[in-house]
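Down below is the structure, laid out as structure tokens.
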Amino acid sequence: MTAKIMPLAEAVARHVKDGQTVALEGFTHLIPFAAGHEVIRQARKDLTLVRMTPDIIYDQMIGMGCARALVFSWGGNPGVGSIHRFRDAIENGWPKPLAIQEHSHADMAGRYQAGASGLPFSVLRGYVGSDLPKHNPNIRSIECPFTGERLAATPAINPDVTVIHAQKADRKGNVLIHGIVGIQKEAVLAARAAIVTVEEIVDDLAAPMNACLIPHWVLSAVCHVPMGAHPSYAHGYYGRDNAFCKAWDGISKERETFLAWMQKHVMGTKDHAEFLRSAGIAMETARA
Amino acid sequence: MTAKIMPLAEAVARHVKDGQTVALEGFTHLIPFAAGHEVIRQARKDLTLVRMTPDIIYDQMIGMGCARALVFSWGGNPGVGSIHRFRDAIENGWPKPLAIQEHSHADMAGRYQAGASGLPFSVLRGYVGSDLPKHNPNIRSIECPFTGERLAATPAINPDVTVIHAQKADRKGNVLIHGIVGIQKEAVLAARAAIVTVEEIVDDLAAPMNACLIPHWVLSAVCHVPMGAHPSYAHGYYGRDNAFCKAWDGISKERETFLAWMQKHVMGTKDHAEFLRSAGIAMETARA
Amino acid sequence: MPSAAANLARLTHAPGVVLIYESGTIGAKPDVLPLSIGDGELAEHADTVVSIPEIFRYWLQGGRVDVGFLGAAQVDRFGNINTTVIGDYAHPKVRLPGAGGAPEIASNAKQTWIIIKQTKRSFVPKLDFMTSVGHLEGGDSRARSGARGAGPTAVITDLGVLTPDPVTRELTLTAIHPGITVEQAKAATGWELKVAPTLAATAPPTAAELATLRELHARTARAHGTPGATE
Amino acid sequence: MPSAAANLARLTHAPGVVLIYESGTIGAKPDVLPLSIGDGELAEHADTVVSIPEIFRYWLQGGRVDVGFLGAAQVDRFGNINTTVIGDYAHPKVRLPGAGGAPEIASNAKQTWIIIKQTKRSFVPKLDFMTSVGHLEGGDSRARSGARGAGPTAVITDLGVLTPDPVTRELTLTAIHPGITVEQAKAATGWELKVAPTLAATAPPTAAELATLRELHARTARAHGTPGATE
């Protein structure tokens, strides 16, 4: 793969297809919202969505009918409460039934790591006493060949496409992430194709020697999307838009207000810059 | 554990005991030579030495009779050739027989990682076709509970003591490593006790946010030992002493010259500063 | 709430406490309370920030967490917790966020403290779903299960503090907050609550603690218009 | 030698080549040849430097290495290699350095190139010890073994180049260096060497290549008094 710097709409059109397994990752920090919106705009469907922490962006994708299944470990609006479209899909099958495959954070991290490592499975000292294995046939057990202990084993995750957001790329498409780096490197390296949106494209990343850097030759597309993580944050660029996160609770509680908001601001706009204007998100307000 | 800044001799006296499993790690870069010399000075014996790349420092420890066993993946003087004391121990049992447990680099890395991760074993896609498993009962196989594939499995390494060298510590004992970071973090976190020698103790590490930093509370001792990695190197401080590495080949080829050198420069000196003077190693020559 | 408690400790009697958040921040020293466990505030002053696999593998599973803080929607008499669903798993009445880091915090931290509002709905005789292990079925069942650590050593509620009986491991009311009665605590518990023969009164916060906590909340409110919350 | 070859490629026809050393340097661009695979020179200009577990797990085992370079003390007719012992393992005549990264490079890189001096001692009918897999027993035995990648696609010696037969996978002399005879190559091989019906002559280095290589060695010698070597 050679990294290609291209518009986000082109990257999604080229690399994200109906029916695929798609991971949008970012742990509170650097959540690829703009990319999620573009997947919604392009009306992808039957996706198996993977994400440790499905929050607002997955609430939107699920509510707009992009997903048939969800692989996850914690679904909520951090610090605010439930995500209503996710709940409505699971509790009432609206807009369509959502199959779920549920894990713990430690296990999801291990599954991505196995995927990035070319291993078929991951081993975890976990789920002791938990009911989760009863409801997830992908949580099995394995015996240590030395001590005889039984540990949990789960299959590697290898998404068809992983999408992340990062602070910077250089003109070759090398990507630098700093701050809370989460599971992004593993999610990218586990995937068959990877799209990265970035705040800035610079001549020189000026990366510390041991920084979290993802080289261009493992990426499929790099897209310049300022504020692409809003309402999550990009360390060094802008803070979390807590007001939006709280407002989302009200917007998303009812199907009608949710659909109206999505139609107007996501479906009714052609790209992220237009979305930000439409939704009344000032680029500068959020600057850190 | 609370980090204690203390002299190296005290750290070794307090934490390294006869018969223990001890890992001195550092992959070409930051090899803890001064600490190895101190273990020799204090005449530790019956150690099970663990190290991915036993090179000159293990040649010295083996030749001086500190070890009864060696767990490793590559033994040589990088860029120069054989390590003669290691060969003499294996080929001729001098000064005493050396039991060996031999792995590959990828496997040793995984074994340390399992040790650091609180797992009893590590899984590796490796050793295909190799004779190594025939000679090492610790290389077994395990079946993937999902795909049925057979992979190699080896036990976690949890040394009694790990010793590493790093560039800097702050006054609390937080340690910063940069450059080729190797297996050091895993080796420290896998161990029951850990000693770190450093080039400098500073007020503020000025560490990048995602740097390789080992917090003081996982360390047993931090010791200020300038040039403590010589003849290996400390990125940003001094380069590798290639002349010494080549000279070692001659010094170590015969038992007599080896013993004479060790007696004079290691046993005959009280600490690393005195060793450097005795061996004619100018502090400044090596400054990068 | 756990974040507020831990930071209050750091700002008062335990300046050396090391706060680890599952987002990868080690030695976090937030000036204001984070709205989530992954806020930039946590990374900003941390000793180091590591990846998610590293925080769970090397630090939690590696056995380096002394006290794990857990919240819950439901807790049972043995300190087992549910954060997954109310009702049937396949057809839930209420779908809760799920496990997050809790199952492995519960089974790998050296001990856990559960912070929860005590009501008949949260203190239930039988969990709808067991997400994370406490003392399992009591006695030595936890030790036999392969879980590491001591499990829940305290359940701290708005009414008092419950600690496990040394033998049966059943949660027992051992301290009560000023102004709360044993009857209130019993009425807020979905099983027949055991009460310690000598019941301690929890010490009220000192003036210094209260002032520190109020300043922390005020700074937090100024920073993001909220007193701070966590996952 | 592999390091010199790869860096020569980078400095001449393949400026975009990504050099990965098992010490964790990705995209290394050394100005002088390293004496070892862990020299600071490699880290200095690399795109990034990762830990040893990461380089082996995510990058090698993850299937991201296109060509793995291997050296050997012994190679057999199927490109299997020995870097462990000469003689019996328990009582070796010569104890060699051992496996290092080779077993997993051999079984996880998309293909490998072996660089070795061709003599009767190094080209043996039977390895004293099989450290790293080549084409195993030939035919489809490698594919059946679980090894990934194409295995050794070229063995480059001081006499010529051997490539595996498409069906039997036996190493076959397919190119010979200027001035070397087939008889010399046969005499330096411990088995009956197969020779391709149409034997190519390896192209001599161009003047530009030679000049670049000589400058590289001169810079290296000035930097650390040696032309550079590797593990």
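Just remember, in the structure tokens the first chain shown is A, the second B, etc., residues are 1-based per chain, and ligands are 1-based in the order shown.
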Residues near range 213-220 of chain D, anyone? I mean within 10 Å using only C-alpha atoms, not counting same-chain ones fewer than 5 positions away, as a PyMOL selection string.
chain D and resi 4-5+7-9+11-12+30-35+205+207-208+225-228
Saved selection, atoms kept: all heavy atoms, as a short mmCIF file (atom, residue, chain, number, x, y, z; two decimals), in the first residue's frame:
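And here is the file that came out, again_9.cif:
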```cif
data_model
loop_
_atom_site.label_atom_id
_atom_site.label_comp_id
_atom_site.auth_asym_id
_atom_site.auth_seq_id
_atom_site.Cartn_x
_atom_site.Cartn_y
_atom_site.Cartn_z
N ALA D 4 24.97 -3.57 3.92
CA ALA D 4 25.62 -2.83 2.85
C ALA D 4 24.79 -2.92 1.57
O ALA D 4 24.57 -1.91 0.89
CB ALA D 4 27.03 -3.39 2.60
N ALA D 5 24.28 -4.10 1.26
CA ALA D 5 23.49 -4.30 0.04
C ALA D 5 22.23 -3.45 0.08
O ALA D 5 21.89 -2.74 -0.88
CB ALA D 5 23.14 -5.78 -0.11
N ASN D 7 21.54 -0.83 1.91
CA ASN D 7 21.82 0.60 1.89
C ASN D 7 22.31 1.07 0.53
O ASN D 7 22.00 2.18 0.11
CB ASN D 7 22.78 0.98 3.02
CG ASN D 7 22.04 1.14 4.33
OD1 ASN D 7 21.28 2.09 4.49
ND2 ASN D 7 22.24 0.20 5.24
N LEU D 8 23.03 0.21 -0.16
CA LEU D 8 23.45 0.55 -1.52
C LEU D 8 22.20 0.71 -2.40
O LEU D 8 22.08 1.67 -3.17
CB LEU D 8 24.35 -0.55 -2.09
CG LEU D 8 24.84 -0.32 -3.53
CD1 LEU D 8 25.63 0.98 -3.64
CD2 LEU D 8 25.68 -1.50 -4.01
N ALA D 9 21.25 -0.18 -2.25
CA ALA D 9 19.99 -0.09 -3.00
C ALA D 9 19.29 1.24 -2.69
O ALA D 9 18.84 1.95 -3.59
CB ALA D 9 19.07 -1.26 -2.65
N LEU D 11 20.61 3.94 -1.69
CA LEU D 11 21.37 5.09 -2.17
C LEU D 11 21.44 5.14 -3.70
O LEU D 11 21.93 6.10 -4.26
CB LEU D 11 22.79 5.06 -1.58
CG LEU D 11 22.85 5.25 -0.06
CD1 LEU D 11 24.24 4.91 0.47
CD2 LEU D 11 22.45 6.67 0.33
N THR D 12 20.96 4.09 -4.37
CA THR D 12 21.02 4.09 -5.83
C THR D 12 19.62 3.97 -6.44
O THR D 12 18.90 4.95 -6.53
CB THR D 12 21.96 2.98 -6.34
OG1 THR D 12 21.55 1.72 -5.80
CG2 THR D 12 23.40 3.25 -5.94
N PRO D 30 20.85 5.06 7.49
CA PRO D 30 22.17 5.32 8.05
C PRO D 30 23.10 5.98 7.04
O PRO D 30 23.11 5.61 5.87
CB PRO D 30 22.67 3.93 8.45
CG PRO D 30 21.92 2.99 7.57
CD PRO D 30 20.57 3.62 7.38
N ASP D 31 23.85 6.95 7.52
CA ASP D 31 24.81 7.63 6.67
C ASP D 31 26.08 6.79 6.52
O ASP D 31 26.75 6.83 5.50
CB ASP D 31 25.14 8.99 7.30
CG ASP D 31 25.94 9.86 6.36
OD1 ASP D 31 25.54 9.98 5.18
OD2 ASP D 31 26.97 10.40 6.81
N VAL D 32 26.36 6.02 7.58
CA VAL D 32 27.48 5.06 7.52
C VAL D 32 26.92 3.69 7.89
O VAL D 32 25.86 3.59 8.51
CB VAL D 32 28.62 5.45 8.50
CG1 VAL D 32 29.11 6.86 8.21
CG2 VAL D 32 28.20 5.32 9.94
N LEU D 33 27.60 2.65 7.50
CA LEU D 33 27.10 1.31 7.80
C LEU D 33 27.23 1.03 9.29
O LEU D 33 28.25 1.35 9.90
CB LEU D 33 27.89 0.26 7.02
CG LEU D 33 27.65 0.31 5.51
CD1 LEU D 33 28.55 -0.69 4.80
CD2 LEU D 33 26.18 0.03 5.21
N PRO D 34 26.22 0.44 9.88
CA PRO D 34 26.30 0.11 11.30
C PRO D 34 27.24 -1.07 11.52
O PRO D 34 27.35 -1.95 10.68
CB PRO D 34 24.86 -0.25 11.65
CG PRO D 34 24.26 -0.73 10.37
CD PRO D 34 24.93 0.06 9.28
N LEU D 35 27.90 -1.05 12.67
CA LEU D 35 28.72 -2.22 13.05
C LEU D 35 27.81 -3.33 13.55
O LEU D 35 28.12 -4.51 13.43
CB LEU D 35 29.73 -1.82 14.14
CG LEU D 35 30.69 -2.90 14.60
CD1 LEU D 35 31.71 -3.21 13.51
CD2 LEU D 35 31.42 -2.49 15.88
N PRO D 205 28.66 -4.53 -11.22
CA PRO D 205 28.14 -3.26 -10.69
C PRO D 205 28.47 -2.12 -11.65
O PRO D 205 29.50 -2.13 -12.31
CB PRO D 205 28.88 -3.10 -9.36
CG PRO D 205 30.03 -4.05 -9.41
CD PRO D 205 29.64 -5.14 -10.34
N ALA D 207 29.44 1.78 -12.61
CA ALA D 207 30.43 2.70 -12.03
C ALA D 207 29.80 3.50 -10.90
O ALA D 207 30.40 3.72 -9.85
CB ALA D 207 30.97 3.62 -13.12
N ALA D 208 28.54 3.92 -11.11
CA ALA D 208 27.85 4.72 -10.08
C ALA D 208 27.64 3.89 -8.82
O ALA D 208 27.84 4.36 -7.70
CB ALA D 208 26.52 5.21 -10.62
N GLY D 225 36.23 3.09 11.93
CA GLY D 225 37.40 2.27 11.62
C GLY D 225 37.09 0.86 11.16
O GLY D 225 37.81 -0.08 11.48
N THR D 226 35.97 0.70 10.43
CA THR D 226 35.61 -0.61 9.94
C THR D 226 34.65 -0.44 8.78
O THR D 226 33.91 0.52 8.74
CB THR D 226 34.91 -1.45 11.04
OG1 THR D 226 34.25 -2.55 10.41
CG2 THR D 226 33.88 -0.63 11.78
N PRO D 227 34.66 -1.37 7.85
CA PRO D 227 33.72 -1.24 6.74
C PRO D 227 32.28 -1.56 7.14
O PRO D 227 31.39 -1.42 6.33
CB PRO D 227 34.23 -2.24 5.71
CG PRO D 227 35.04 -3.23 6.47
CD PRO D 227 35.57 -2.51 7.67
N GLY D 228 32.02 -1.97 8.37
CA GLY D 228 30.64 -2.23 8.77
C GLY D 228 30.30 -3.69 8.65
O GLY D 228 30.72 -4.37 7.72
#
```
Give the residues of chain C that lie within 8 Å of chain A; count only C-alpha atoms, and format the answer as a PyMOL selection string.
chain C and resi 23-25+35-40+43-44+49-53+56-57+61+91-104+107+129-133+136+145-147+224+228-231
Using the selection just defined, write its residues with N, CA and C atoms as a tab-separated table (two decimals), in the first residue's frame.
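After the write, out.tsv holds the following:
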```tsv
chain	number	residue	atom	x	y	z
C	23	SER	N	-7.42	4.81	30.12
C	23	SER	CA	-7.05	5.42	28.84
C	23	SER	C	-5.54	5.40	28.60
C	24	GLY	N	-4.76	5.01	29.61
C	24	GLY	CA	-3.32	4.90	29.41
C	24	GLY	C	-2.50	5.93	30.17
C	25	THR	N	-3.15	6.77	30.96
C	25	THR	CA	-2.39	7.79	31.70
C	25	THR	C	-1.94	7.21	33.03
C	35	LEU	N	-14.10	14.96	32.46
C	35	LEU	CA	-15.48	14.55	32.16
C	35	LEU	C	-15.49	13.07	31.77
C	36	SER	N	-14.38	12.62	31.21
C	36	SER	CA	-14.28	11.20	30.86
C	36	SER	C	-12.91	10.71	31.27
C	37	ILE	N	-12.74	9.40	31.21
C	37	ILE	CA	-11.47	8.83	31.63
C	37	ILE	C	-10.38	9.02	30.58
C	38	GLY	N	-10.72	9.67	29.46
C	38	GLY	CA	-9.72	9.88	28.41
C	38	GLY	C	-9.49	11.34	28.10
C	39	ASP	N	-9.79	12.22	29.02
C	39	ASP	CA	-9.61	13.65	28.77
C	39	ASP	C	-8.14	14.03	28.65
C	40	GLY	N	-7.87	15.05	27.85
C	40	GLY	CA	-6.52	15.56	27.67
C	40	GLY	C	-5.90	16.03	28.97
C	43	ALA	N	-3.75	13.41	30.43
C	43	ALA	CA	-2.48	13.18	29.76
C	43	ALA	C	-1.49	14.30	30.06
C	44	GLU	N	-2.04	15.49	30.14
C	44	GLU	CA	-1.21	16.71	30.20
C	44	GLU	C	-0.13	16.64	31.28
C	49	VAL	N	2.15	8.46	29.25
C	49	VAL	CA	0.89	8.03	28.63
C	49	VAL	C	1.22	6.85	27.72
C	50	VAL	N	0.62	5.72	28.00
C	50	VAL	CA	0.92	4.50	27.24
C	50	VAL	C	-0.31	4.07	26.44
C	51	SER	N	-0.13	3.10	25.57
C	51	SER	CA	-1.23	2.63	24.73
C	51	SER	C	-2.23	1.84	25.56
C	52	ILE	N	-3.40	1.62	24.98
C	52	ILE	CA	-4.44	0.83	25.65
C	52	ILE	C	-3.99	-0.62	25.89
C	53	PRO	N	-3.40	-1.27	24.89
C	53	PRO	CA	-2.92	-2.63	25.20
C	53	PRO	C	-1.93	-2.63	26.36
C	56	PHE	N	-3.61	-2.17	29.91
C	56	PHE	CA	-4.32	-3.36	30.39
C	56	PHE	C	-3.39	-4.55	30.60
C	57	ARG	N	-2.39	-4.72	29.72
C	57	ARG	CA	-1.53	-5.91	29.83
C	57	ARG	C	-0.46	-5.72	30.90
C	61	GLN	N	-3.16	-6.20	34.25
C	61	GLN	CA	-2.99	-7.66	34.28
C	61	GLN	C	-1.62	-8.02	34.86
C	91	HIS	N	-33.08	-9.70	25.36
C	91	HIS	CA	-34.19	-8.74	25.20
C	91	HIS	C	-34.22	-7.82	26.41
C	92	PRO	N	-33.26	-6.95	26.51
C	92	PRO	CA	-33.11	-6.19	27.76
C	92	PRO	C	-34.20	-5.13	27.94
C	93	LYS	N	-34.53	-4.91	29.20
C	93	LYS	CA	-35.42	-3.81	29.53
C	93	LYS	C	-34.61	-2.51	29.40
C	94	VAL	N	-33.43	-2.54	29.99
C	94	VAL	CA	-32.52	-1.40	29.84
C	94	VAL	C	-31.15	-1.91	29.45
C	95	ARG	N	-30.68	-1.41	28.33
C	95	ARG	CA	-29.33	-1.76	27.90
C	95	ARG	C	-28.37	-0.76	28.56
C	96	LEU	N	-27.46	-1.28	29.40
C	96	LEU	CA	-26.46	-0.43	30.06
C	96	LEU	C	-25.19	-0.40	29.21
C	97	PRO	N	-24.23	0.45	29.57
C	97	PRO	CA	-23.04	0.58	28.70
C	97	PRO	C	-22.23	-0.70	28.50
C	98	GLY	N	-22.18	-1.56	29.51
C	98	GLY	CA	-21.41	-2.80	29.34
C	98	GLY	C	-20.20	-2.85	30.24
C	99	ALA	N	-19.29	-3.71	29.88
C	99	ALA	CA	-18.20	-4.10	30.78
C	99	ALA	C	-17.10	-3.04	30.91
C	100	GLY	N	-16.69	-2.44	29.79
C	100	GLY	CA	-15.53	-1.56	29.82
C	100	GLY	C	-14.35	-2.29	30.44
C	101	GLY	N	-13.64	-1.62	31.31
C	101	GLY	CA	-12.47	-2.25	31.92
C	101	GLY	C	-12.78	-3.07	33.15
C	102	ALA	N	-14.07	-3.07	33.59
C	102	ALA	CA	-14.39	-3.60	34.92
C	102	ALA	C	-14.07	-5.08	35.16
C	103	PRO	N	-14.38	-6.00	34.23
C	103	PRO	CA	-14.14	-7.41	34.57
C	103	PRO	C	-12.69	-7.69	34.96
C	104	GLU	N	-11.75	-7.05	34.25
C	104	GLU	CA	-10.34	-7.32	34.56
C	104	GLU	C	-9.83	-6.45	35.71
C	107	SER	N	-10.82	-8.49	38.68
C	107	SER	CA	-10.12	-9.76	38.93
C	107	SER	C	-8.61	-9.63	38.94
C	129	PHE	N	-27.41	-9.67	35.52
C	129	PHE	CA	-26.27	-10.11	34.69
C	129	PHE	C	-25.02	-9.90	35.52
C	130	MET	N	-24.17	-10.89	35.55
C	130	MET	CA	-22.93	-10.72	36.31
C	130	MET	C	-21.83	-10.27	35.35
C	131	THR	N	-21.49	-8.98	35.43
C	131	THR	CA	-20.46	-8.44	34.53
C	131	THR	C	-19.07	-8.68	35.11
C	132	SER	N	-18.92	-8.37	36.41
C	132	SER	CA	-17.59	-8.39	37.00
C	132	SER	C	-17.65	-9.04	38.38
C	133	VAL	N	-16.63	-9.81	38.65
C	133	VAL	CA	-16.63	-10.66	39.84
C	133	VAL	C	-16.33	-9.87	41.11
C	136	LEU	N	-18.01	-13.57	44.45
C	136	LEU	CA	-18.66	-14.70	43.77
C	136	LEU	C	-19.80	-15.25	44.62
C	145	SER	N	-11.77	-19.39	42.12
C	145	SER	CA	-12.19	-19.09	40.74
C	145	SER	C	-11.04	-18.71	39.82
C	146	GLY	N	-9.89	-18.41	40.40
C	146	GLY	CA	-8.78	-17.94	39.57
C	146	GLY	C	-8.66	-16.43	39.56
C	147	ALA	N	-9.63	-15.73	40.17
C	147	ALA	CA	-9.49	-14.28	40.28
C	147	ALA	C	-8.33	-13.97	41.21
C	224	HIS	N	-15.18	23.21	32.31
C	224	HIS	CA	-16.11	22.67	31.32
C	224	HIS	C	-17.55	22.58	31.81
C	228	GLY	N	-17.69	17.26	36.76
C	228	GLY	CA	-16.79	16.15	36.41
C	228	GLY	C	-17.45	14.82	36.65
C	229	ALA	N	-17.21	13.92	35.75
C	229	ALA	CA	-17.80	12.59	35.86
C	229	ALA	C	-16.83	11.61	35.26
C	230	THR	N	-17.19	10.35	35.29
C	230	THR	CA	-16.31	9.37	34.66
C	230	THR	C	-17.16	8.35	33.95
C	231	GLU	N	-16.47	7.53	33.17
C	231	GLU	CA	-17.11	6.48	32.41
C	231	GLU	C	-18.11	5.75	33.28
```
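Summary of the local environment: counting only C-alpha atoms, residues at most 12 Å from Trp94 in chain A, other than itself and those fewer than 6 positions away along its chain, are Asp59, Ile62, Gly63, Met64, Gly65, Cys66, Ala67, Arg68, His84, Arg85, Phe86, Arg87, Asp88, Glu254 and Arg255 of chain A.
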How close does each residue of chain B get to chain A, giving the shortest atom pair and distance in Å to one decimal for every residue with an atom at most 7 Å away, counting only C-alpha atoms, sorted by chain and residue number, as a Markdown table?
```
| residue | atom | partner | partner_atom | distance |
| --- | --- | --- | --- | --- |
| B:Leu119 | CA | A:Arg125 | CA | 6.9 |
| B:Pro120 | CA | A:Cys144 | CA | 6.8 |
| B:Phe121 | CA | A:Cys144 | CA | 6.6 |
| B:Arg125 | CA | A:Leu119 | CA | 6.9 |
| B:Cys144 | CA | A:Phe121 | CA | 6.6 |
| B:Phe146 | CA | A:Pro155 | CA | 6.6 |
| B:Pro155 | CA | A:Phe146 | CA | 6.6 |
| B:His178 | CA | A:Asn210 | CA | 6.7 |
| B:Gly179 | CA | A:Met209 | CA | 6.2 |
| B:Met209 | CA | A:Gly179 | CA | 6.2 |
| B:Asn210 | CA | A:Ala211 | CA | 6.4 |
| B:Ala211 | CA | A:Asn210 | CA | 6.4 |
```
Residue selection dump (C-alpha atoms) as a CSV table (one decimal), in the first residue's frame:
```
chain,number,residue,atom,x,y,z
B,119,LEU,CA,0.4,-14.3,31.7
B,120,PRO,CA,1.9,-17.7,32.2
B,121,PHE,CA,2.8,-18.2,28.6
B,125,ARG,CA,4.0,-17.9,15.0
B,144,CYS,CA,-5.8,-22.0,18.3
B,146,PHE,CA,-10.8,-20.8,16.6
B,155,PRO,CA,6.6,-19.9,29.4
B,178,HIS,CA,15.2,7.0,24.3
B,179,GLY,CA,16.6,5.7,21.1
B,209,MET,CA,4.2,12.7,26.5
B,210,ASN,CA,4.5,9.2,25.1
B,211,ALA,CA,8.1,8.5,25.9
```
Write down as number ranges by chain the residues belonging to range 27-174 of chain B that are assigned alpha helix (DSSP H) by DSSP computed on the backbone.
B: 33-41, 56-63, 84-92, 105-116, 132-135
